[in-house]
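Text of data-v2.pdb, listed as PDB, C-alpha atoms:
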ATOM      1  CA  MET A  12      43.704 -39.828 -17.113
ATOM      2  CA  ILE A  13      40.212 -40.464 -15.759
ATOM      3  CA  GLU A  14      37.726 -37.596 -15.897
ATOM      4  CA  LYS A  15      36.843 -36.162 -12.475
ATOM      5  CA  GLU A  16      33.175 -35.947 -13.484
ATOM      6  CA  LYS A  17      33.098 -39.692 -14.085
ATOM      7  CA  ILE A  18      34.660 -40.472 -10.695
ATOM      8  CA  LYS A  19      32.132 -38.149  -9.013
ATOM      9  CA  ASN A  20      29.236 -39.947 -10.735
ATOM     10  CA  ILE A  21      30.587 -43.340  -9.675
ATOM     11  CA  GLU A  22      31.028 -42.059  -6.117
ATOM     12  CA  SER A  23      27.420 -40.865  -5.887
ATOM     13  CA  THR A  24      26.153 -44.157  -7.374
ATOM     14  CA  LEU A  25      28.200 -46.118  -4.853
ATOM     15  CA  LYS A  26      26.795 -44.005  -1.994
ATOM     16  CA  VAL A  27      23.229 -44.863  -3.089
ATOM     17  CA  HIS A  28      24.137 -48.566  -3.227
ATOM     18  CA  ALA A  29      25.824 -48.343   0.201
ATOM     19  CA  LYS A  30      22.740 -46.727   1.770
ATOM     20  CA  ALA A  31      20.485 -49.378   0.210
ATOM     21  CA  LEU A  32      22.728 -52.107   1.634
ATOM     22  CA  GLY A  33      22.454 -50.552   5.096
ATOM     23  CA  ILE A  34      26.121 -49.552   5.418
ATOM     24  CA  PRO A  35      26.601 -46.606   7.848
ATOM     25  CA  SER A  36      27.115 -43.459   5.758
ATOM     26  CA  GLY A  37      30.369 -42.361   7.461
ATOM     27  CA  ALA A  38      32.095 -45.697   6.980
ATOM     28  CA  ALA A  39      30.749 -46.008   3.437
ATOM     29  CA  GLU A  40      32.023 -42.565   2.450
ATOM     30  CA  THR A  41      35.486 -43.338   3.810
ATOM     31  CA  PHE A  42      36.006 -46.665   2.079
ATOM     32  CA  ILE A  43      34.371 -45.563  -1.171
ATOM     33  CA  LYS A  44      36.844 -42.660  -1.363
ATOM     34  CA  LYS A  45      39.757 -44.947  -0.472
ATOM     35  CA  SER A  46      38.684 -47.500  -3.108
ATOM     36  CA  LEU A  47      38.299 -44.887  -5.846
ATOM     37  CA  THR A  48      41.694 -43.348  -5.077
ATOM     38  CA  ALA A  49      43.353 -46.777  -5.066
ATOM     39  CA  ALA A  50      41.622 -47.735  -8.332
ATOM     40  CA  GLU A  51      42.759 -44.508  -9.993
ATOM     41  CA  LYS A  52      46.286 -45.125  -8.741
ATOM     42  CA  SER A  53      46.369 -48.671 -10.101
ATOM     43  CA  LEU A  54      45.411 -47.435 -13.582
ATOM     44  CA  LYS A  55      47.801 -44.487 -13.572
ATOM     45  CA  ASN A  56      50.415 -46.049 -15.856
ATOM     46  CA  ARG A  57      47.936 -47.129 -18.538
ATOM     47  CA  LYS A  58      47.754 -45.142 -21.740
ATOM     48  CA  VAL A  59      44.195 -46.139 -22.574
ATOM     49  CA  ILE A  60      41.615 -46.766 -19.854
ATOM     50  CA  THR A  61      38.300 -48.300 -20.846
ATOM     51  CA  ASN A  62      35.125 -48.232 -18.763
ATOM     52  CA  SER A  63      35.430 -51.935 -17.990
ATOM     53  CA  ASP A  64      39.069 -51.439 -16.846
ATOM     54  CA  LEU A  65      37.884 -48.787 -14.418
ATOM     55  CA  GLU A  66      34.919 -50.886 -13.230
ATOM     56  CA  ARG A  67      37.166 -53.916 -12.657
ATOM     57  CA  ALA A  68      39.699 -51.864 -10.682
ATOM     58  CA  ILE A  69      36.989 -50.298  -8.509
ATOM     59  CA  PHE A  70      35.386 -53.720  -7.923
ATOM     60  CA  LYS A  71      38.749 -55.139  -6.851
ATOM     61  CA  GLU A  72      39.329 -52.339  -4.353
ATOM     62  CA  LEU A  73      35.741 -52.309  -3.035
ATOM     63  CA  ALA A  74      35.827 -56.067  -2.429
ATOM     64  CA  LYS A  75      38.556 -55.470   0.180
ATOM     65  CA  TYR A  76      36.128 -53.429   2.300
ATOM     66  CA  HIS A  77      32.601 -54.683   1.555
ATOM     67  CA  LYS A  78      31.840 -57.762  -0.563
ATOM     68  CA  ASP A  79      28.114 -57.056  -1.032
ATOM     69  CA  LEU A  80      28.739 -53.512  -2.239
ATOM     70  CA  ALA A  81      31.386 -54.748  -4.682
ATOM     71  CA  TYR A  82      29.009 -57.484  -5.904
ATOM     72  CA  VAL A  83      26.125 -55.038  -6.426
ATOM     73  CA  TYR A  84      28.427 -52.572  -8.204
ATOM     74  CA  GLU A  85      29.708 -55.269 -10.555
ATOM     75  CA  ASN A  86      26.333 -56.895 -11.330
ATOM     76  CA  TYR A  87      23.876 -54.002 -11.195
ATOM     77  CA  ASP A  88      23.289 -53.785 -14.966
ATOM     78  CA  LYS A  89      23.351 -57.563 -15.360
ATOM     79  CA  ILE A  90      20.280 -58.249 -13.194
ATOM     80  CA  ILE A  91      17.640 -57.679 -15.932
TER      81      ILE A  91
ATOM     82  CA  MET B  29      -0.711 -69.229 -13.039
ATOM     83  CA  VAL B  30       2.220 -70.901 -11.310
ATOM     84  CA  ILE B  31       4.259 -70.606 -14.518
ATOM     85  CA  GLN B  32       3.854 -66.842 -14.481
ATOM     86  CA  ALA B  33       5.345 -66.770 -10.986
ATOM     87  CA  PHE B  34       8.544 -68.273 -12.443
ATOM     88  CA  LEU B  35       8.997 -65.553 -15.085
ATOM     89  CA  GLN B  36      11.958 -63.369 -14.222
ATOM     90  CA  THR B  37      11.345 -59.924 -15.716
ATOM     91  CA  SER B  38       9.135 -58.451 -12.996
ATOM     92  CA  PRO B  39      11.132 -59.824 -10.017
ATOM     93  CA  SER B  40      14.399 -58.466 -11.428
ATOM     94  CA  ILE B  41      12.900 -55.028 -12.141
ATOM     95  CA  PHE B  42      11.276 -55.012  -8.696
ATOM     96  CA  ALA B  43      14.535 -56.013  -6.953
ATOM     97  CA  ILE B  44      16.426 -53.138  -8.615
ATOM     98  CA  PHE B  45      13.564 -50.741  -7.969
ATOM     99  CA  TYR B  46      13.321 -51.568  -4.240
ATOM    100  CA  HIS B  47      17.120 -51.429  -3.849
ATOM    101  CA  HIS B  48      17.299 -48.007  -5.475
ATOM    102  CA  ALA B  49      14.333 -46.703  -3.480
ATOM    103  CA  LEU B  50      16.074 -47.824  -0.263
ATOM    104  CA  GLY B  51      19.229 -45.982  -1.365
ATOM    105  CA  LYS B  52      17.414 -42.762  -2.196
ATOM    106  CA  THR B  53      14.700 -42.548   0.490
ATOM    107  CA  THR B  54      13.739 -43.946   3.887
ATOM    108  CA  ALA B  55      12.779 -47.608   4.376
ATOM    109  CA  LYS B  56       9.131 -46.627   4.963
ATOM    110  CA  LYS B  57       8.874 -44.634   1.731
ATOM    111  CA  ALA B  58      10.647 -47.387  -0.211
ATOM    112  CA  ASP B  59       8.169 -49.935   1.126
ATOM    113  CA  ASP B  60       5.254 -47.671   0.249
ATOM    114  CA  ARG B  61       6.537 -47.329  -3.330
ATOM    115  CA  ALA B  62       7.115 -51.071  -3.532
ATOM    116  CA  LEU B  63       3.441 -51.651  -2.726
ATOM    117  CA  SER B  64       2.491 -49.184  -5.477
ATOM    118  CA  PHE B  65       4.693 -51.161  -7.896
ATOM    119  CA  ILE B  66       2.934 -54.412  -6.953
ATOM    120  CA  LEU B  67      -0.458 -52.694  -7.283
ATOM    121  CA  GLY B  68       0.498 -51.533 -10.802
ATOM    122  CA  GLN B  69       1.480 -55.068 -11.707
ATOM    123  CA  GLU B  70      -1.785 -56.480 -10.337
ATOM    124  CA  ILE B  71      -3.836 -53.898 -12.236
ATOM    125  CA  ALA B  72      -1.987 -54.779 -15.450
ATOM    126  CA  ILE B  73      -2.563 -58.529 -15.037
ATOM    127  CA  ALA B  74      -6.241 -57.950 -14.198
ATOM    128  CA  ILE B  75      -6.727 -55.759 -17.289
ATOM    129  CA  PHE B  76      -4.947 -58.239 -19.591
ATOM    130  CA  PHE B  77      -6.867 -61.156 -18.135
ATOM    131  CA  LEU B  78     -10.289 -59.507 -18.377
ATOM    132  CA  ALA B  79      -9.612 -58.183 -21.894
ATOM    133  CA  ILE B  80      -8.630 -61.629 -23.142
ATOM    134  CA  TYR B  81     -11.522 -63.281 -21.261
ATOM    135  CA  ILE B  82     -14.033 -60.897 -22.861
ATOM    136  CA  LEU B  83     -12.486 -61.517 -26.296
ATOM    137  CA  ILE B  84     -12.535 -65.309 -25.876
ATOM    138  CA  SER B  85     -16.107 -65.371 -24.499
ATOM    139  CA  PHE B  86     -17.238 -63.107 -27.352
ATOM    140  CA  LEU B  87     -15.571 -65.280 -29.990
ATOM    141  CA  SER B  88     -16.736 -68.542 -28.410
ATOM    142  CA  VAL B  89     -20.384 -67.622 -29.139
ATOM    143  CA  GLU B  90     -19.494 -68.881 -32.611
ATOM    144  CA  LYS B  91     -19.211 -72.578 -31.827
ATOM    145  CA  THR B  92     -16.672 -73.167 -34.567
ATOM    146  CA  PHE B  93     -14.146 -70.850 -32.883
ATOM    147  CA  LEU B  94     -12.744 -73.153 -30.192
ATOM    148  CA  ASP B  95     -12.054 -75.904 -32.689
ATOM    149  CA  THR B  96      -9.150 -78.237 -33.259
ATOM    150  CA  VAL B  97      -7.184 -75.767 -35.397
ATOM    151  CA  PHE B  98      -7.379 -73.054 -32.723
ATOM    152  CA  MET B  99      -6.138 -75.466 -30.036
ATOM    153  CA  TRP B 100      -3.297 -76.607 -32.285
ATOM    154  CA  VAL B 101      -2.272 -73.015 -32.953
ATOM    155  CA  LEU B 102      -2.267 -72.440 -29.182
ATOM    156  CA  SER B 103      -0.241 -75.631 -28.740
ATOM    157  CA  GLY B 104       2.289 -74.356 -31.309
ATOM    158  CA  LEU B 105       2.512 -71.089 -29.420
ATOM    159  CA  PHE B 106       3.251 -72.950 -26.171
ATOM    160  CA  LEU B 107       5.888 -75.026 -27.961
ATOM    161  CA  ALA B 108       7.519 -71.862 -29.334
ATOM    162  CA  GLU B 109       7.517 -70.341 -25.828
ATOM    163  CA  ALA B 110       9.087 -73.521 -24.419
ATOM    164  CA  MET B 111      11.893 -73.421 -26.974
ATOM    165  CA  PHE B 112      12.424 -69.693 -26.524
ATOM    166  CA  ALA B 113      12.536 -70.096 -22.733
ATOM    167  CA  PHE B 114      15.064 -72.925 -22.992
ATOM    168  CA  PHE B 115      17.416 -71.386 -25.542
ATOM    169  CA  CYS B 116      17.035 -67.607 -25.283
ATOM    170  CA  TYR B 117      15.416 -66.595 -21.969
ATOM    171  CA  PHE B 118      18.730 -65.979 -20.193
ATOM    172  CA  ARG B 119      21.608 -64.525 -22.171
ATOM    173  CA  THR B 120      24.902 -66.371 -22.116
ATOM    174  CA  ASP B 121      27.717 -64.122 -20.983
ATOM    175  CA  LYS B 122      31.190 -65.344 -21.903
ATOM    176  CA  LYS B 123      32.993 -62.966 -19.528
ATOM    177  CA  SER B 124      30.983 -63.711 -16.419
ATOM    178  CA  LYS B 125      28.634 -66.560 -15.546
ATOM    179  CA  ASN B 126      27.282 -64.756 -12.477
ATOM    180  CA  THR B 127      24.591 -62.879 -14.349
ATOM    181  CA  THR B 128      20.879 -63.222 -14.918
ATOM    182  CA  LYS B 129      20.764 -61.095 -18.068
ATOM    183  CA  LEU B 130      17.445 -61.637 -19.820
ATOM    184  CA  PHE B 131      16.726 -61.704 -23.560
ATOM    185  CA  TYR B 132      15.959 -57.973 -23.876
ATOM    186  CA  PRO B 133      18.301 -55.772 -25.963
ATOM    187  CA  ARG B 134      21.007 -54.289 -23.716
ATOM    188  CA  ALA B 135      20.377 -50.678 -24.803
ATOM    189  CA  PHE B 136      16.715 -51.099 -23.815
ATOM    190  CA  VAL B 137      17.696 -52.530 -20.405
ATOM    191  CA  LYS B 138      20.058 -49.597 -19.817
ATOM    192  CA  SER B 139      17.377 -47.024 -20.550
ATOM    193  CA  PHE B 140      14.822 -48.990 -18.509
ATOM    194  CA  ILE B 141      17.145 -49.012 -15.474
ATOM    195  CA  PHE B 142      17.404 -45.216 -15.924
ATOM    196  CA  HIS B 143      13.591 -45.005 -15.722
ATOM    197  CA  ILE B 144      13.526 -47.317 -12.685
ATOM    198  CA  GLU B 145      16.003 -45.037 -10.922
ATOM    199  CA  HIS B 146      13.994 -41.930 -11.733
ATOM    200  CA  ALA B 147      10.587 -43.147 -10.523
ATOM    201  CA  LYS B 148       9.892 -40.556  -7.856
ATOM    202  CA  ASN B 149       6.293 -40.880  -6.740
ATOM    203  CA  ARG B 150       3.456 -43.373  -6.436
ATOM    204  CA  SER B 151       2.007 -42.786  -9.905
ATOM    205  CA  ASP B 152       5.462 -43.355 -11.455
ATOM    206  CA  THR B 153       5.839 -46.631  -9.581
ATOM    207  CA  ILE B 154       2.327 -47.832 -10.460
ATOM    208  CA  ILE B 155       3.115 -47.232 -14.154
ATOM    209  CA  LEU B 156       6.470 -48.982 -13.697
ATOM    210  CA  GLY B 157       4.678 -52.037 -12.276
ATOM    211  CA  PHE B 158       2.227 -51.919 -15.167
ATOM    212  CA  VAL B 159       5.020 -51.743 -17.750
ATOM    213  CA  SER B 160       7.004 -54.553 -16.094
ATOM    214  CA  ALA B 161       3.931 -56.823 -16.426
ATOM    215  CA  PHE B 162       3.577 -55.754 -20.058
ATOM    216  CA  LEU B 163       7.209 -56.717 -20.800
ATOM    217  CA  ASP B 164       6.316 -60.343 -20.008
ATOM    218  CA  PHE B 165       3.277 -60.149 -22.281
ATOM    219  CA  ILE B 166       4.622 -62.592 -24.911
ATOM    220  CA  PHE B 167       4.914 -65.220 -22.186
ATOM    221  CA  ILE B 168       1.677 -64.327 -20.389
ATOM    222  CA  LEU B 169      -0.586 -64.187 -23.468
ATOM    223  CA  PRO B 170      -1.032 -67.947 -24.130
ATOM    224  CA  LEU B 171      -1.415 -68.560 -20.379
ATOM    225  CA  LEU B 172      -4.229 -66.006 -20.218
ATOM    226  CA  VAL B 173      -5.900 -67.483 -23.314
ATOM    227  CA  ILE B 174      -5.885 -71.027 -21.890
ATOM    228  CA  SER B 175      -7.042 -69.739 -18.467
ATOM    229  CA  SER B 176      -9.899 -67.804 -20.123
ATOM    230  CA  ILE B 177     -10.977 -70.950 -22.002
ATOM    231  CA  ALA B 178     -10.913 -72.835 -18.675
ATOM    232  CA  ILE B 179     -13.045 -70.141 -16.983
ATOM    233  CA  LEU B 180     -15.691 -70.374 -19.736
ATOM    234  CA  HIS B 181     -16.638 -73.822 -18.458
ATOM    235  CA  ILE B 182     -17.057 -72.906 -14.766
ATOM    236  CA  SER B 183     -19.550 -70.699 -12.885
ATOM    237  CA  SER B 184     -19.014 -66.931 -12.797
ATOM    238  CA  ARG B 185     -18.313 -66.966  -9.033
ATOM    239  CA  ALA B 186     -15.660 -69.666  -9.401
ATOM    240  CA  GLY B 187     -14.249 -67.718 -12.376
ATOM    241  CA  PHE B 188     -13.933 -64.595 -10.245
ATOM    242  CA  VAL B 189     -12.103 -66.568  -7.525
ATOM    243  CA  PHE B 190      -9.836 -68.072 -10.213
ATOM    244  CA  ILE B 191      -8.870 -64.602 -11.543
ATOM    245  CA  ILE B 192      -8.133 -63.307  -8.022
ATOM    246  CA  ALA B 193      -6.024 -66.423  -7.277
ATOM    247  CA  TYR B 194      -4.180 -65.972 -10.603
ATOM    248  CA  ILE B 195      -3.292 -62.358  -9.781
ATOM    249  CA  ILE B 196      -2.139 -63.234  -6.248
ATOM    250  CA  ILE B 197       0.030 -66.170  -7.370
ATOM    251  CA  ALA B 198       1.501 -64.171 -10.282
ATOM    252  CA  THR B 199       2.627 -61.406  -7.908
ATOM    253  CA  LEU B 200       3.838 -63.791  -5.191
ATOM    254  CA  PRO B 201       7.540 -63.410  -6.164
ATOM    255  CA  LEU B 202       7.261 -59.638  -5.672
ATOM    256  CA  PHE B 203       5.768 -60.092  -2.207
ATOM    257  CA  THR B 204       8.581 -62.556  -1.433
ATOM    258  CA  ILE B 205      11.241 -60.039  -2.519
ATOM    259  CA  ARG B 206       9.531 -57.323  -0.458
ATOM    260  CA  THR B 207       9.572 -59.610   2.588
ATOM    261  CA  LEU B 208      13.266 -60.383   1.995
ATOM    262  CA  TYR B 209      14.131 -56.677   1.894
ATOM    263  CA  ARG B 210      12.109 -56.105   5.067
ATOM    264  CA  THR B 211      13.963 -58.900   6.853
ATOM    265  CA  ASP B 212      17.438 -57.398   6.380
ATOM    266  CA  HIS B 213      18.305 -59.119   3.116
ATOM    267  CA  ASN B 214      19.722 -57.030   0.301
ATOM    268  CA  LEU B 215      20.069 -56.954  -3.477
ATOM    269  CA  ALA B 216      23.336 -58.933  -3.321
ATOM    270  CA  ASP B 217      21.618 -61.812  -1.452
ATOM    271  CA  ILE B 218      18.642 -61.816  -3.836
ATOM    272  CA  GLN B 219      20.860 -61.702  -6.943
ATOM    273  CA  ARG B 220      23.151 -64.486  -5.647
ATOM    274  CA  PHE B 221      20.050 -66.654  -5.120
ATOM    275  CA  ARG B 222      18.775 -65.867  -8.634
ATOM    276  CA  VAL B 223      22.143 -66.710 -10.180
ATOM    277  CA  LYS B 224      22.217 -69.990  -8.254
ATOM    278  CA  LYS B 225      18.709 -70.961  -9.419
ATOM    279  CA  LYS B 226      19.035 -69.629 -12.983
ATOM    280  CA  ILE B 227      19.136 -73.044 -14.658
ATOM    281  CA  PHE B 228      16.273 -74.275 -12.474
ATOM    282  CA  PHE B 229      14.102 -71.311 -13.553
ATOM    283  CA  ARG B 230      14.973 -71.811 -17.216
ATOM    284  CA  ILE B 231      14.221 -75.525 -17.223
ATOM    285  CA  THR B 232      11.035 -75.148 -15.133
ATOM    286  CA  ILE B 233       9.620 -72.493 -17.477
ATOM    287  CA  ALA B 234      10.536 -74.514 -20.584
ATOM    288  CA  ILE B 235       9.140 -77.814 -19.264
ATOM    289  CA  SER B 236       5.924 -76.145 -18.027
ATOM    290  CA  TYR B 237       5.278 -74.628 -21.457
ATOM    291  CA  LEU B 238       6.111 -77.946 -23.111
ATOM    292  CA  ILE B 239       3.595 -79.778 -20.896
ATOM    293  CA  LEU B 240       0.956 -77.149 -21.734
ATOM    294  CA  ALA B 241       1.762 -77.559 -25.447
ATOM    295  CA  ILE B 242       1.207 -81.323 -25.216
ATOM    296  CA  LEU B 243      -2.022 -80.960 -23.175
ATOM    297  CA  THR B 244      -3.417 -78.327 -25.560
ATOM    298  CA  PHE B 245      -2.543 -80.520 -28.550
ATOM    299  CA  ILE B 246      -4.325 -83.521 -26.986
ATOM    300  CA  SER B 247      -7.411 -81.441 -26.112
ATOM    301  CA  GLY B 248      -7.406 -80.169 -29.728
ATOM    302  CA  VAL B 249      -7.498 -83.765 -30.994
ATOM    303  CA  SER B 250     -10.348 -84.695 -28.647
ATOM    304  CA  ILE B 251     -12.637 -81.813 -29.739
TER     305      ILE B 251
END
The structure in this file should be written as structure tokens.
Amino acid sequence: MIEKEKIKNIESTLKVHAKALGIPSGAAETFIKKSLTAAEKSLKNRKVITNSDLERAIFKELAKYHKDLAYVYENYDKII
Amino acid sequence: MVIQAFLQTSPSIFAIFYHHALGKTTAKKADDRALSFILGQEIAIAIFFLAIYILISFLSVEKTFLDTVFMWVLSGLFLAEAMFAFFCYFRTDKKSKNTTKLFYPRAFVKSFIFHIEHAKNRSDTIILGFVSAFLDFIFILPLLVISSIAILHISSRAGFVFIIAYIIIATLPLFTIRTLYRTDHNLADIQRFRVKKKIFFRITIAISYLILAILTFISGVSI
């Protein structure tokens, strides 16, 4: 089970990234929510979920909607 | 001065900073803060340069100071920088090759990104620019020493022009990134480019330091 607080934090981070990338806020909100729900669903059967499992699942789902957003989400802490 | 433009710490911090500012505020405010960041960086370079210049000119009154041993020590420093740049500047990531992780400890990078994200006004961003220049200090130091020695032998007016040119060229990558953001490019584009040119940056920095090491060694012999 993934904590709701964590998902909320990821959602707000993704919204900041989406705004910075110039994605319209309505569209961004919709596909971010869809991606997070799908990622949660894909990890439902796992007993242990690590942070990297969650990140990978979200990246996979985000890439279906917006490649740049998925790329920034995956590589943000690997830039410096 | 061109070598400093190839160093990757400040451009990567600036790219994240501008991206986050765009995500949190309007484009105009983000651009305003970006200029403050660049100003902070320029102030830092100017202070470092002048401090080292004053130190070198003070020490060079003693004619024995700029002797062969000093130049050889400087040459050794350049050689060490060249080897460090080649082997350790970029971290090797086994899981993903699409990264430009630098040599800094990961916990430090994490906390630094936190500070980048929480820079809220101009004074914060000026300090951030200052600190980002300071992070490259190990690499900048020998460059500033050799530049200061070079300035000692030219007129004060030409020296002033040299320092201004040094500061402008050193901050050129930041102005380039700012222009990219203003022309509808984003962090993903900039990072993809950096990943693509990672090996080029590494080799250029290493070879440049190696050339400087050889030149300094030769000038040490000829004193």
Name the residues captured by the PyMOL selection byres ((chain A and resi 34-50) around 10) when it is applied to the shown file; answer as a VMD selection string.
-> chain A and resid 18 to 19 21 to 23 25 to 33 51 to 55 64 to 77 80
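Distance criterion 6 Å to chain A, applied with all atoms listed in the file, yields Ser40, His47, Leu50, Gly51, Thr127, Thr128, Lys129, Leu130, Asn214 and Ala216 of chain B on chain B.
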For the selection you just gave me, I'd like the residues written to a file as a PDB file, in the coordinates of the input, keeping C-alpha atoms.
ATOM      1  CA  SER B  40      14.399 -58.466 -11.428  1.00  0.00           C
ATOM      2  CA  HIS B  47      17.120 -51.429  -3.849  1.00  0.00           C
ATOM      3  CA  LEU B  50      16.074 -47.824  -0.263  1.00  0.00           C
ATOM      4  CA  GLY B  51      19.229 -45.982  -1.365  1.00  0.00           C
ATOM      5  CA  THR B 127      24.591 -62.879 -14.349  1.00  0.00           C
ATOM      6  CA  THR B 128      20.879 -63.222 -14.918  1.00  0.00           C
ATOM      7  CA  LYS B 129      20.764 -61.095 -18.068  1.00  0.00           C
ATOM      8  CA  LEU B 130      17.445 -61.637 -19.820  1.00  0.00           C
ATOM      9  CA  ASN B 214      19.722 -57.030   0.301  1.00  0.00           C
ATOM     10  CA  ALA B 216      23.336 -58.933  -3.321  1.00  0.00           C
TER      11      ALA B 216
END
If we count only C-alpha atoms, what is near Phe114 of chain B at a cut-off of 8 Å, once residues fewer than 3 positions away on the same chain are taken out, given as an NGL selection string?
-> :B and (110-111 or 117 or 230-231 or 233-234)
Separation of atom CA of Ile191 of chain B from atom CA of Ala33 of chain B, in Å and rounded to one decimal | 14.4 Å
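Closest approach to Ala79 of chain B from the set B:Phe106, B:Ser64, B:Phe42, B:Ser176 is made by B:Ser176, with distances taken over all atoms listed in the file.
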Could you work out how far atom CA of Ile141 of chain B lies from atom CA of Tyr46 of chain B, giving the answer in Å with one decimal?
->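 According to the coordinates, atom CA of Tyr46 of chain B and atom CA of Ile141 of chain B are separated by 12.1 Å.
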Check the smallest atom-to-atom distance from each of B:Ser88, B:His48, B:Pro133, B:Glu145 to Phe118 of chain B using all atoms listed in the file, then report the winner.
->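 Checking each candidate against Phe118 of chain B, we get B:Pro133 as the closest.
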Tell me, in Å to one decimal, how far atom CA of Gly248 of chain B is from atom CA of Ala108 of chain B.
-> 17.1 Å
Padding of 5 Å on every side, edges along x, y and z, all listed atoms of segment 49-57 of chain A included: what centre and edge lengths in Å, to one decimal, does that box have, as lines of an AutoDock Vina configuration file?
center_x = 46.0
center_y = -46.6
center_z = -11.8
size_x = 18.8
size_y = 14.2
size_z = 23.5
Residue with smallest distance to Phe112 of chain B - pool B:Lys56, B:Lys224, B:Phe167, B:Phe229, counting all atoms listed in the file | B:Phe167
